[in-house]
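Some notes on the structure that comes next.
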Amino acid sequence: MNIPIPTYVSTVINRLEACGFEAYIVGGCVRDALLSTEPFDYDVTTSAKPHEVKAALAGYRIIETGIKHGTVTVLADGNPIEVTTFRCDGEYTDHRRPDSVNLTDKLSEDLCRRDFTVNAMAYSEKRGLIDLFGGTADLEKHMIRCVGDAEKRFDEDALRILRCLRFAATLDFQIEKKTSDAVKEKRHLLRFVSAERIAVELTKMLCGKAAARILTEYSDVICLIIPELQAAIGLDQLNPHHIYDVYTHIVKVVEATPPKAHLRLAALFHDIAKPKMMTTDEKGVGHFYGHPKESAAMARDIMKRLKMDNKTINTVCRLVELHDVRPEANKKALKKYLAKNPDVDTDDIMAIRRADLAAQNPVYHHQFDYLNESEKIINELKATDCCLSVSQLDINGKDIAELGAEGKQIGEILNKLLYNVIEDKTANEKNALIKRAKQLIK
Ligand code: ATP
Ligand code: MG
């Protein structure tokens with residue numbers, strides 16, 4: 001078995017070996033290399049203690065990132081490599097982190113503490129592949145399986161429950177039966193995991209190739225993190241536009257959305273308020289008036305609870321809010337729409353609207369023509385330098401102030417002028433704008 005390792009990594013390994021230590025690449029990079037995908041970064045595990053690593057790698061820039069846990073970061077040709085001394089974990093009492101970690105000189109003990117068989121392999125050019133738990137066999141079977149007893153491993157560290165779903169989604173692997181049963185059995189331990197870590201794993205999972213399958217098969221785990229989704233499960237929409245219950249529709253929209261975090265989050269939340277907003281008319285047809293706004297409000301609460309960053313929260317909420325706005329496919333209506341929503345990326349909103357339509361009753365799929373036409377016009381508008389924002393007007397706040405307007409009124413007048421220009425009622429030309437502004441100020 002030969003795994004290609006970049007020279008900057010093998011140089012570090014060879015230096016450690018030359019000083020009499022064992023050193024290997026380990027974990028995710030071995031897994032990814034065996035799957036022929038480019039590893040994101042390289043982790044090295046070694047028998048050398050941190051001070052020995054520093055001595056063996058004299059001349060390298062070394063940052064003591066986790067010295068207590070035996071980890072230093074080595075900068076090799078500008079690339080960070082985490083070099084960690086073989087270690088085994090002590091007792092776990094908080095379902096999240098070991099009370100202590102002990103350095104050891106046995107690679108086998110280090111591999112034992114790792115979460116899944118596919119993540120528990122080490123490799124070096126000199127010593128070959130060390131696979132003590134059947135990691136390569138599981139890679140071939142496309143299987144995520146805990147190292148050791150699954151229930152015990154999830155008991156020790158509940159984050160592994162989400163890591164399990166994340167790897168199954170990103171690698172498109174099945175979860176081995178005992179591991180899968182343990183995920184469900186131990187899901188309540190997720191309350192011991194910090195919001196930030198949940199957010200990271202959830203987002204990575206959502207961007208995975210098999211996110212839809214995981215959201216479907218492990219909805220009970222997902223609903224522990226986002227209980228607001230529970231009411232969507234199995235809820236018949238009683239509406240001709242829909243052939244799926246709300247949760248299944250949500251999952252299908254996630255699947256049809258490009259795998260970018262903000263888009264997949266927007267897809268997950270876009271209809272979350274539907275159960276709350278549902279009404280049934282006298283004909284028995286379901287309606288969801290006001291659900292986009294309410295879904296955005298719920299999404300904001302959920303993402304805040306998960307301590308996501310403000311930029312993500314705002315971007316996602318705007319997409320959720322706008323997912324059901326349908327401006328007519330003509331220049332005037334779309335100019336107004338763009339002027340009203342300058343903060344929203346039109347490619348993003350089109351991606352969500354397409355995915356939403358794709359997950360609706362195919363009888364209505366002719367509406368893709370309308371979406372295509374809208375997109376074409378939007379792109380044309382963006383390519384020309386037509387006026388879509390106040391800053392593009394041939395007049396500014398100072399000019400308006402000189403005409404006698406004050407304070408808030410200045411902005412209001414500029415906005416009115418913008419809409420006049422969009423509706424072709426006024427030319428975007430200074431004299432015409434001044435004339436119109438004077439009328440508005442009166
Ligand atoms: P990626 O970097 O693509 O997210 P990875 O497998 O490299 O995947 P990391 O979080 O970087 O994941 O962790 C590196 C390695 O450390 C893992 O492959 C695994 O062997 C081990 N590991 C990480 N987190 C845990 C954990 N919570 N419990 C046990 N082992 C873990
Ligand atoms: Mg990694």
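Chain labels run A, B, ... following the order of the structure tokens; each chain numbers its residues from 1, and ligands are numbered from 1 in the order shown.
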
Quiz item: How would you write, as a PyMOL selection string, the set of residues no farther than 8 Å from ligand 1 when counting only C-alpha atoms and all ligand atoms?
Solution: chain A and resi 26-29+31-32+39-43+96+111+113-116+118-121+157-160+163

Quiz item: What's the 10 Å shell around A:Val53, counting only C-alpha atoms, without same-chain residues fewer than 3 positions away, as a ChimeraX atom specification?
Solution: /A:12,15-16,19,21,46-50,56-58,62,70-72,74,83-85

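By only C-alpha atoms, and with residues fewer than 2 positions from A:Gly397 along its chain excluded, the set lying at most 10 Å from it is A:Val390, A:Ser391, A:Ile395, A:Asp399, A:Ile400, A:Ala401, A:Glu402, A:Leu403, A:Ala405, A:Glu406, A:Gly407, A:Gln409, A:Ile410, A:Gly411, A:Ile413, A:Leu414.
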
Generate a file of the selected residues that holds N, CA and C atoms, formatted as a PDB file, in the first residue's frame.
```pdb
ATOM      1  N   VAL A 390     -30.011  53.979  -4.769  1.00  0.00           N
ATOM      2  CA  VAL A 390     -29.933  55.421  -4.542  1.00  0.00           C
ATOM      3  C   VAL A 390     -28.548  55.966  -4.940  1.00  0.00           C
ATOM      4  N   SER A 391     -27.523  55.153  -4.682  1.00  0.00           N
ATOM      5  CA  SER A 391     -26.168  55.638  -4.958  1.00  0.00           C
ATOM      6  C   SER A 391     -25.918  55.804  -6.472  1.00  0.00           C
ATOM      7  N   ILE A 395     -28.070  62.280  -8.543  1.00  0.00           N
ATOM      8  CA  ILE A 395     -28.313  63.319  -7.543  1.00  0.00           C
ATOM      9  C   ILE A 395     -27.955  62.699  -6.198  1.00  0.00           C
ATOM     10  N   ASP A 399     -27.376  67.432  -2.592  1.00  0.00           N
ATOM     11  CA  ASP A 399     -28.231  68.193  -3.513  1.00  0.00           C
ATOM     12  C   ASP A 399     -29.629  68.361  -2.934  1.00  0.00           C
ATOM     13  N   ILE A 400     -30.140  67.278  -2.353  1.00  0.00           N
ATOM     14  CA  ILE A 400     -31.506  67.310  -1.817  1.00  0.00           C
ATOM     15  C   ILE A 400     -31.563  68.286  -0.632  1.00  0.00           C
ATOM     16  N   ALA A 401     -30.520  68.273   0.199  1.00  0.00           N
ATOM     17  CA  ALA A 401     -30.472  69.168   1.364  1.00  0.00           C
ATOM     18  C   ALA A 401     -30.484  70.625   0.888  1.00  0.00           C
ATOM     19  N   GLU A 402     -29.754  70.874  -0.187  1.00  0.00           N
ATOM     20  CA  GLU A 402     -29.705  72.243  -0.716  1.00  0.00           C
ATOM     21  C   GLU A 402     -31.075  72.720  -1.199  1.00  0.00           C
ATOM     22  N   LEU A 403     -31.938  71.738  -1.523  1.00  0.00           N
ATOM     23  CA  LEU A 403     -33.288  72.107  -1.955  1.00  0.00           C
ATOM     24  C   LEU A 403     -34.205  72.363  -0.756  1.00  0.00           C
ATOM     25  N   ALA A 405     -34.587  70.109   2.038  1.00  0.00           N
ATOM     26  CA  ALA A 405     -35.010  68.951   2.843  1.00  0.00           C
ATOM     27  C   ALA A 405     -34.058  68.758   4.026  1.00  0.00           C
ATOM     28  N   GLU A 406     -34.570  68.109   5.061  1.00  0.00           N
ATOM     29  CA  GLU A 406     -33.739  67.914   6.262  1.00  0.00           C
ATOM     30  C   GLU A 406     -33.846  66.479   6.766  1.00  0.00           C
ATOM     31  N   GLY A 407     -32.809  66.057   7.439  1.00  0.00           N
ATOM     32  CA  GLY A 407     -32.813  64.779   8.201  1.00  0.00           C
ATOM     33  C   GLY A 407     -33.353  63.605   7.410  1.00  0.00           C
ATOM     34  N   GLN A 409     -36.006  63.090   5.902  1.00  0.00           N
ATOM     35  CA  GLN A 409     -36.701  63.407   4.657  1.00  0.00           C
ATOM     36  C   GLN A 409     -35.775  63.224   3.440  1.00  0.00           C
ATOM     37  N   ILE A 410     -34.483  63.494   3.656  1.00  0.00           N
ATOM     38  CA  ILE A 410     -33.524  63.399   2.530  1.00  0.00           C
ATOM     39  C   ILE A 410     -33.515  61.979   1.964  1.00  0.00           C
ATOM     40  N   GLY A 411     -33.400  61.025   2.862  1.00  0.00           N
ATOM     41  CA  GLY A 411     -33.373  59.619   2.446  1.00  0.00           C
ATOM     42  C   GLY A 411     -34.686  59.218   1.790  1.00  0.00           C
ATOM     43  N   ILE A 413     -36.793  61.074   0.190  1.00  0.00           N
ATOM     44  CA  ILE A 413     -36.900  61.663  -1.152  1.00  0.00           C
ATOM     45  C   ILE A 413     -36.010  60.910  -2.145  1.00  0.00           C
ATOM     46  N   LEU A 414     -34.810  60.600  -1.719  1.00  0.00           N
ATOM     47  CA  LEU A 414     -33.916  59.841  -2.616  1.00  0.00           C
ATOM     48  C   LEU A 414     -34.569  58.519  -3.017  1.00  0.00           C
TER      49      LEU A 414
END
```

Self-check item: Distance query A:Ile378 at most 10 Å, only C-alpha atoms, self and fewer than 5 positions along chain excluded, as a ChimeraX atom specification
Solution: /A:329-331,334-335,337-338,346-347,372-373,383

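Candidate residues A:Lys416, A:Lys307, A:Lys438, A:Lys398 were compared for distance to A:Lys340, and the nearest is A:Lys416, using only C-alpha atoms.
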
Quiz item: Quick one: DSSP strand (DSSP E) residues in stretch 260-313 of chain A, as a ChimeraX atom specification?
Solution: /A:279-280,286-287

Please produce a file of the residues just selected, as a PDB file, in the first residue's frame, where the atoms kept are all heavy atoms.
```pdb
ATOM      1  N   THR A 279     -53.427  27.003   7.741  1.00  0.00           N
ATOM      2  CA  THR A 279     -54.879  27.121   7.905  1.00  0.00           C
ATOM      3  C   THR A 279     -55.502  26.242   6.821  1.00  0.00           C
ATOM      4  O   THR A 279     -54.858  25.945   5.811  1.00  0.00           O
ATOM      5  CB  THR A 279     -55.366  28.572   7.688  1.00  0.00           C
ATOM      6  OG1 THR A 279     -54.872  29.031   6.426  1.00  0.00           O
ATOM      7  CG2 THR A 279     -54.872  29.496   8.789  1.00  0.00           C
ATOM      8  N   THR A 280     -56.740  25.819   7.037  1.00  0.00           N
ATOM      9  CA  THR A 280     -57.425  24.997   6.037  1.00  0.00           C
ATOM     10  C   THR A 280     -58.712  25.716   5.645  1.00  0.00           C
ATOM     11  O   THR A 280     -59.472  26.114   6.526  1.00  0.00           O
ATOM     12  CB  THR A 280     -57.756  23.606   6.631  1.00  0.00           C
ATOM     13  OG1 THR A 280     -56.592  23.129   7.304  1.00  0.00           O
ATOM     14  CG2 THR A 280     -58.127  22.611   5.559  1.00  0.00           C
ATOM     15  N   GLY A 286     -55.039  23.395   2.238  1.00  0.00           N
ATOM     16  CA  GLY A 286     -54.126  23.995   3.218  1.00  0.00           C
ATOM     17  C   GLY A 286     -53.477  25.265   2.689  1.00  0.00           C
ATOM     18  O   GLY A 286     -53.129  25.350   1.510  1.00  0.00           O
ATOM     19  N   HIS A 287     -53.370  26.265   3.543  1.00  0.00           N
ATOM     20  CA  HIS A 287     -52.674  27.512   3.186  1.00  0.00           C
ATOM     21  C   HIS A 287     -51.673  27.847   4.279  1.00  0.00           C
ATOM     22  O   HIS A 287     -51.833  27.426   5.426  1.00  0.00           O
ATOM     23  CB  HIS A 287     -53.672  28.662   3.020  1.00  0.00           C
ATOM     24  CG  HIS A 287     -54.670  28.406   1.948  1.00  0.00           C
ATOM     25  ND1 HIS A 287     -54.376  28.546   0.608  1.00  0.00           N
ATOM     26  CD2 HIS A 287     -55.959  27.975   2.018  1.00  0.00           C
ATOM     27  CE1 HIS A 287     -55.452  28.220  -0.098  1.00  0.00           C
ATOM     28  NE2 HIS A 287     -56.421  27.867   0.730  1.00  0.00           N
TER      29      HIS A 287
END
```

Quiz item: Near stretch 202-213 of chain A, within 12 Å and counting only C-alpha atoms, which residues show up once chain neighbours fewer than 2 positions away are dropped, as a PyMOL selection string?
Solution: chain A and resi 159+161-175+195-200+215-219+221-226+247-269+303+306+308+312

Practice problem: Extract the full set of alpha helix (DSSP H) residues from stretch 206-423 of chain A according to DSSP on the backbone, and format it as a ChimeraX atom specification. | Solution: /A:206,211-217,219-225,246-256,261-269,274-277,291-305,310-322,331-340,346-358,367-383,397-402,408-422

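Taking atom CA of A:Glu412 as the reference point, atom CA of A:Asp348 is found at 28.8 Å.
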
Quiz item: Hey, what's within 6 Å of A:Val101 if we count only C-alpha atoms and toss same-chain stuff fewer than 4 positions away? As a PyMOL selection string, please?
Solution: chain A and resi 88-90

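What separates atom CA of A:Met143 from atom CA of A:Glu176 is a distance of 6.1 Å.
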
Quiz item: Which neighbours of A:Ser389 fall inside 8 Å, counting only C-alpha atoms, when residues of the same chain fewer than 6 positions from it are skipped, and could you give them as an NGL selection string?
Solution: :A and (339 or 342 or 418)

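From atom CA of A:Asn102 back to atom CA of A:Arg87, the distance works out to 5.5 Å.
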
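Among the candidate residues A:Ile81, A:Ala23, A:Ala427, A:Ala55, the one lying nearest to ligand 2 is A:Ile81, with distances computed using only C-alpha atoms and all ligand atoms.
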
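Residue nearest A:Asp155, chosen from A:Thr93, A:Ser10, A:Ser194, A:Gln439 and counting only C-alpha atoms: A:Thr93.
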